[in-house]
Amino acid sequence: MADVPIDAPEHCPGTSSDQAGKSSACQGCPNQNICASGAAKAPDPAIEEIRQKLTSVNHKILVLSGKGGVGKSTFSAHLSHALASDDSKEVRPLCTVETLCVHQSGSGWSPVYVEDNLAVMSIGFLLSSPDDAVIWRGPKKNGMIKQFLRDVDWGELDYLIVDTPPGTSDEHLSIVQYLSSAGIDGAVIITTPQEVSLQDVRKEIRFCIKVKIPIIGVIENMSGFVCPKCKNTSQIFPPTTGGAQRMCEELNLPLLGSVPLDPRIGKSCDEGKSFLNEVPDSPAAVAYENIVQKIRDYCSSHTTSNNPF
């Protein structure tokens, strides 16, 4: 049911039900008082506003990870660069980068263009210094997500890439809520080979299933280190439990690919360049290109109008 909160008990009647907050299944639910008051029944008008705002965006992709530090933002940036390498496409990642200037007009905030067909919108643009910390409680963060989706002048886009924080927090629930009518093509989930990362990723996968976000597939990042000189591969993060491949087999999910460690990836990110253009023949770049092509193929066969979760 679309109106059942993610933290609701198993037999939740749904927030729009006459029994919301009153049935025996509601006992002990953290949302009981809100549901009983009727406040949960009124949909946020921003949901419809966002749907209308994003009608000109062909594909919306979430990039998720259960654990921080697995390369999710790096992948989001390179996915955007790769999609924008097709000059006929317009791509905009919604993520976190260092401060640049955002301009505001009558049609909303204008994203920052880093290439003719690649633009970025980030919370970092709104801070007075790149060293400032974002010390916000949930409601303020959720309000900013609403503004990014509703008040940015996205224009005509082929892809909107949303680089989310790690985990399953308020921010993720807000994104799901605000895009509930606009639709999401699906989520790309990033992990590393070791079990400590896979444990968190399983929770992220469960989150996607529970809120009905289609999963495009899983990417195993930092999957070995290929020496640029001798070409031998070393396992920096050993897949002691079979890595992402076994997990995907167990959960019946597609493994989009495995990307080896390459220090030139970090160097290109620091310099604001596309690793795929800088070292196109490296094993990591080849893996990236194969993964991106699978995402392109998925999006070409799925339209967001068919995925209002």
# chains A, B, ... in the order shown; residues from 1 in each chain; ligands from 1
call {"tool": "residues_around", "arguments": {"residues": "Cys248 of chain A", "least_positions_apart": "4", "cutoff": "10 Å", "atoms": "only C-alpha atoms", "output": "JSON, numbers by chain"}}
result
{"A": [202, 217, 218, 219, 242, 243, 244, 252, 253, 254, 255, 256]}
call {"tool": "residues_around", "arguments": {"residues": "segment 177-181 of chain A", "least_positions_apart": "4", "cutoff": "8 Å", "atoms": "only C-alpha atoms", "output": "list in words"}}
result
Ala46, Ile47, Glu48, Ile50, Arg51, Lys146, Leu149, Leu173, Pro308 and Phe309 of chain A
call {"tool": "write_last_selection", "arguments": {"atoms": "N, CA, C and O atoms", "output": "CSV table (one decimal), in the first residue's frame"}}
result
chain,number,residue,atom,x,y,z
A,46,ALA,N,3.2,19.9,-2.2
A,46,ALA,CA,4.5,19.9,-3.0
A,46,ALA,C,4.6,18.7,-3.9
A,46,ALA,O,5.4,18.8,-4.9
A,47,ILE,N,4.0,17.6,-3.5
A,47,ILE,CA,4.1,16.4,-4.3
A,47,ILE,C,3.6,16.6,-5.7
A,47,ILE,O,4.3,16.3,-6.7
A,48,GLU,N,2.5,17.2,-5.8
A,48,GLU,CA,1.9,17.6,-7.1
A,48,GLU,C,2.7,18.6,-7.8
A,48,GLU,O,2.9,18.6,-9.1
A,50,ILE,N,5.9,19.2,-7.5
A,50,ILE,CA,7.1,18.5,-8.0
A,50,ILE,C,6.8,17.7,-9.2
A,50,ILE,O,7.6,17.6,-10.2
A,51,ARG,N,5.7,17.0,-9.2
A,51,ARG,CA,5.4,16.2,-10.4
A,51,ARG,C,5.3,17.0,-11.7
A,51,ARG,O,5.8,16.7,-12.7
A,146,LYS,N,12.9,19.3,-0.7
A,146,LYS,CA,11.7,19.8,-1.4
A,146,LYS,C,12.0,21.0,-2.3
A,146,LYS,O,11.6,21.0,-3.5
A,149,LEU,N,13.9,19.9,-5.5
A,149,LEU,CA,13.1,19.2,-6.5
A,149,LEU,C,12.0,20.2,-7.1
A,149,LEU,O,11.7,20.1,-8.3
A,173,LEU,N,13.4,9.0,2.9
A,173,LEU,CA,12.0,9.0,2.9
A,173,LEU,C,11.4,10.2,2.3
A,173,LEU,O,10.3,10.2,1.6
A,308,PRO,N,5.2,5.1,-11.1
A,308,PRO,CA,4.8,5.9,-10.0
A,308,PRO,C,4.6,4.9,-8.8
A,308,PRO,O,3.6,4.3,-8.6
A,309,PHE,N,5.7,4.8,-7.9
A,309,PHE,CA,5.7,3.8,-6.9
A,309,PHE,C,4.8,4.2,-5.7
A,309,PHE,O,4.4,5.3,-5.6
call {"tool": "select_by_dssp", "arguments": {"residues": "segment 168-284 of chain A", "states": "strand (DSSP E)", "output": "list in words"}}
result
Gly186, Ala187, Val188, Ile189, Ile190, Thr191, Ile215, Ile216, Gly217, Val218, Ile219, Glu220, Asn221, Met222, Ser223, Gly224, Phe225, Val226, Thr233, Ser234, Leu255, Leu256, Gly257, Ser258, Val259, Pro260 and Leu261 of chain A
call {"tool": "write_last_selection", "arguments": {"atoms": "N, CA and C atoms", "output": "mmCIF file, in the first residue's frame"}}
result
data_model
loop_
_atom_site.group_PDB
_atom_site.id
_atom_site.type_symbol
_atom_site.label_atom_id
_atom_site.label_comp_id
_atom_site.auth_asym_id
_atom_site.auth_seq_id
_atom_site.Cartn_x
_atom_site.Cartn_y
_atom_site.Cartn_z
ATOM 1 N N GLY A 186 14.547 4.110 -11.199
ATOM 2 C CA GLY A 186 15.067 3.077 -10.322
ATOM 3 C C GLY A 186 16.275 3.562 -9.553
ATOM 4 N N ALA A 187 16.815 2.661 -8.741
ATOM 5 C CA ALA A 187 17.962 2.970 -7.900
ATOM 6 C C ALA A 187 19.158 2.121 -8.306
ATOM 7 N N VAL A 188 20.328 2.746 -8.290
ATOM 8 C CA VAL A 188 21.596 2.045 -8.446
ATOM 9 C C VAL A 188 22.234 1.989 -7.066
ATOM 10 N N ILE A 189 22.598 0.803 -6.617
ATOM 11 C CA ILE A 189 23.103 0.618 -5.258
ATOM 12 C C ILE A 189 24.583 0.273 -5.308
ATOM 13 N N ILE A 190 25.385 1.030 -4.549
ATOM 14 C CA ILE A 190 26.839 0.879 -4.549
ATOM 15 C C ILE A 190 27.288 0.160 -3.284
ATOM 16 N N THR A 191 28.192 -0.797 -3.449
ATOM 17 C CA THR A 191 28.783 -1.493 -2.309
ATOM 18 C C THR A 191 30.256 -1.741 -2.588
ATOM 19 N N ILE A 215 14.892 -1.493 -8.408
ATOM 20 C CA ILE A 215 16.353 -1.562 -8.286
ATOM 21 C C ILE A 215 16.940 -1.871 -9.659
ATOM 22 N N ILE A 216 17.664 -0.915 -10.219
ATOM 23 C CA ILE A 216 18.305 -1.121 -11.520
ATOM 24 C C ILE A 216 19.397 -2.179 -11.398
ATOM 25 N N GLY A 217 20.145 -2.136 -10.305
ATOM 26 C CA GLY A 217 21.175 -3.131 -10.081
ATOM 27 C C GLY A 217 22.177 -2.673 -9.038
ATOM 28 N N VAL A 218 23.125 -3.556 -8.755
ATOM 29 C CA VAL A 218 24.155 -3.328 -7.740
ATOM 30 C C VAL A 218 25.503 -3.199 -8.430
ATOM 31 N N ILE A 219 26.348 -2.319 -7.904
ATOM 32 C CA ILE A 219 27.712 -2.152 -8.408
ATOM 33 C C ILE A 219 28.678 -2.447 -7.275
ATOM 34 N N GLU A 220 29.637 -3.313 -7.541
ATOM 35 C CA GLU A 220 30.690 -3.578 -6.565
ATOM 36 C C GLU A 220 31.870 -2.671 -6.885
ATOM 37 N N ASN A 221 32.050 -1.662 -6.050
ATOM 38 C CA ASN A 221 33.145 -0.709 -6.234
ATOM 39 C C ASN A 221 34.382 -1.163 -5.447
ATOM 40 N N MET A 222 35.539 -0.657 -5.832
ATOM 41 C CA MET A 222 36.808 -1.004 -5.168
ATOM 42 C C MET A 222 37.023 -2.512 -5.187
ATOM 43 N N SER A 223 36.656 -3.121 -6.295
ATOM 44 C CA SER A 223 36.725 -4.574 -6.445
ATOM 45 C C SER A 223 38.114 -4.980 -6.920
ATOM 46 N N GLY A 224 39.057 -5.026 -5.985
ATOM 47 C CA GLY A 224 40.435 -5.349 -6.333
ATOM 48 C C GLY A 224 41.194 -4.134 -6.815
ATOM 49 N N PHE A 225 42.500 -4.242 -6.831
ATOM 50 C CA PHE A 225 43.377 -3.173 -7.317
ATOM 51 C C PHE A 225 44.218 -3.720 -8.458
ATOM 52 N N VAL A 226 44.073 -3.110 -9.622
ATOM 53 C CA VAL A 226 44.856 -3.512 -10.789
ATOM 54 C C VAL A 226 46.062 -2.593 -10.894
ATOM 55 N N THR A 233 46.325 -8.157 -10.174
ATOM 56 C CA THR A 233 45.207 -7.714 -9.333
ATOM 57 C C THR A 233 45.414 -8.157 -7.896
ATOM 58 N N SER A 234 45.253 -7.230 -6.959
ATOM 59 C CA SER A 234 45.325 -7.525 -5.529
ATOM 60 C C SER A 234 43.974 -7.205 -4.898
ATOM 61 N N LEU A 255 23.722 -7.763 -11.014
ATOM 62 C CA LEU A 255 25.012 -7.153 -10.705
ATOM 63 C C LEU A 255 25.458 -6.410 -11.954
ATOM 64 N N LEU A 256 25.437 -5.097 -11.891
ATOM 65 C CA LEU A 256 25.744 -4.292 -13.077
ATOM 66 C C LEU A 256 27.210 -4.369 -13.461
ATOM 67 N N GLY A 257 28.082 -4.617 -12.462
ATOM 68 C CA GLY A 257 29.499 -4.729 -12.763
ATOM 69 C C GLY A 257 30.345 -4.501 -11.532
ATOM 70 N N SER A 258 31.642 -4.720 -11.702
ATOM 71 C CA SER A 258 32.616 -4.530 -10.627
ATOM 72 C C SER A 258 33.690 -3.562 -11.110
ATOM 73 N N VAL A 259 33.973 -2.540 -10.309
ATOM 74 C CA VAL A 259 34.938 -1.514 -10.685
ATOM 75 C C VAL A 259 36.176 -1.642 -9.804
ATOM 76 N N PRO A 260 37.356 -1.905 -10.392
ATOM 77 C CA PRO A 260 38.567 -2.022 -9.575
ATOM 78 C C PRO A 260 39.038 -0.661 -9.070
ATOM 79 N N LEU A 261 39.815 -0.696 -7.996
ATOM 80 C CA LEU A 261 40.443 0.522 -7.485
ATOM 81 C C LEU A 261 41.440 1.061 -8.503
#
call {"tool": "closest_residue", "arguments": {"among": "A:Ala84, A:Gly66, A:Phe148, A:Gly106", "to": "Leu126 of chain A", "atoms": "only C-alpha atoms"}}
result
A:Phe148
call {"tool": "atom_distance", "arguments": {"atom1": "atom CA of Asp153 of chain A", "atom2": "atom CA of His172 of chain A"}}
result
21.9 Å
